[in-house]
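Asks: The structure that follows is given in the form of structure tokens.
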Amino acid sequence: MEIATVQPFDMRPYLDLLYHLLTMADSWQHTRIRAMFLGLQDRVDGMMTMIQHGQTHVVQQKRAYLCIKFIINLCSRCQLTMVVLDEDVHLKRLWQFSIQWLQNELDRRQYTTSTYPYTGWSPPAQSNEVSNRLIMIIIIILTLF
């Protein structure tokens with residue numbers, strides 16, 4: 001099963017497994033991380049493709065948010081992820097656009113006022129994971145580029 005076909009609320013176990021596969025230090029780690037970003041030659045979509053689809057399809061915005069969150073967590077714990085991002089100009093540009101899209105969505109939601117609380121999509125509310133830490137990691141990663 002692909003992460004691209006799983007409902008966003010069911011992605012956690014797949015992302016956890018992917019995280020462990022990507023952080024396994026061996027001679028294939030770089031290749032696995034690159035495949036996670038870009039996919040596998042028309043067979044499997046990479047995270048960047050899923051994020052791009054999420055930016056243009058309202059239904060997929062939650063998936064895009066979860067993919068960005070996953071990549072940020074991976075970057076904070078696996079230095080090789082940053083190396084892969086840094087060595088490919090196209091991938092780096094896609095990542096910067098993805099972060100900018102997320103920032104725009106968060107800013108837009110912050111100033112939206114409505115009598116009807118549902119606006120289609122919003123990032124998850126505070127969870128057991130510290131949301132402020134995630135925002136700080138995003139800011140740190142943005143300053144690296």
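Labeling convention for the structure tokens: chains A, B, ... as they appear, residues from 1 per chain, ligands from 1 in order of appearance.
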Counting only C-alpha atoms, which residues in segment 13-44 of chain A sit no more than 10 Å from segment 68-75 of chain A? For each one, give the nearest pair of atoms and the distance in Å, sorted by chain then residue number, as CSV.

Replies:
residue,atom,partner,partner_atom,distance
A:Leu15,CA,A:Phe70,CA,7.3
A:Asp16,CA,A:Phe70,CA,9.1
A:Leu18,CA,A:Phe70,CA,9.6
A:Tyr19,CA,A:Leu74,CA,7.0
A:His20,CA,A:Leu74,CA,9.8
A:Leu22,CA,A:Leu74,CA,8.3
A:Thr23,CA,A:Leu74,CA,8.0
A:Ile33,CA,A:Leu74,CA,9.7
A:Met36,CA,A:Ile71,CA,9.4
A:Phe37,CA,A:Ile71,CA,8.8

Asks: Please identify all polymer residues within 9 Å of segment 85-89 of chain A, counting only C-alpha atoms, omitting same-chain residues fewer than 5 positions from it, and present them as a list in words.

Replies: Arg34, Phe37, Leu80, Leu94, Trp95 and Phe145 of chain A

Asks: Give me the residues near Gln60 of chain A as a list in words, where near means some atom within 10 Å (using only C-alpha atoms) and where sequence neighbours in that chain fewer than 2 positions away do not count.

Replies: Ala4, Gln7, Pro8, Met50, Ile51, Gln52, His53, Gly54, Gln55, Thr56, His57, Val58, Lys62, Arg63, Ala64, Tyr65 and Trp121 of chain A

Asks: Could you tell me how far atom CA of Gln41 of chain A lies from atom CA of Leu91 of chain A, in Å and to one decimal?

Replies: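 Here the two named atoms are 15.3 Å from each other.
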
Asks: Of the candidates A:Thr5, A:Gln100, A:Gln61, A:Thr81, which shows the shortest atom-to-atom distance to His30 of chain A, using only C-alpha atoms?

Replies: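 Looking at the shortest contact to His30 of chain A, the residue is A:Thr81.
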
Asks: Counting only C-alpha atoms, what is within 10 Å of Val44 of chain A, bar same-chain residues fewer than 3 positions away, as a PyMOL selection string?

Replies: chain A and resi 2-4+35-36+38-41+47+49

Asks: Rounded to one decimal in Å, what is the spacing between atom CA of Glu105 of chain A and atom CA of Arg93 of chain A?

Replies: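 Between atom CA of Glu105 of chain A and atom CA of Arg93 of chain A the gap works out to 18.3 Å.
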
Asks: Could you state the separation of atom CA of Lys92 of chain A and atom CA of Gly46 of chain A in Å, given to one decimal place?

Replies: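 About the pair atom CA of Lys92 of chain A and atom CA of Gly46 of chain A: they are 14.1 Å apart.
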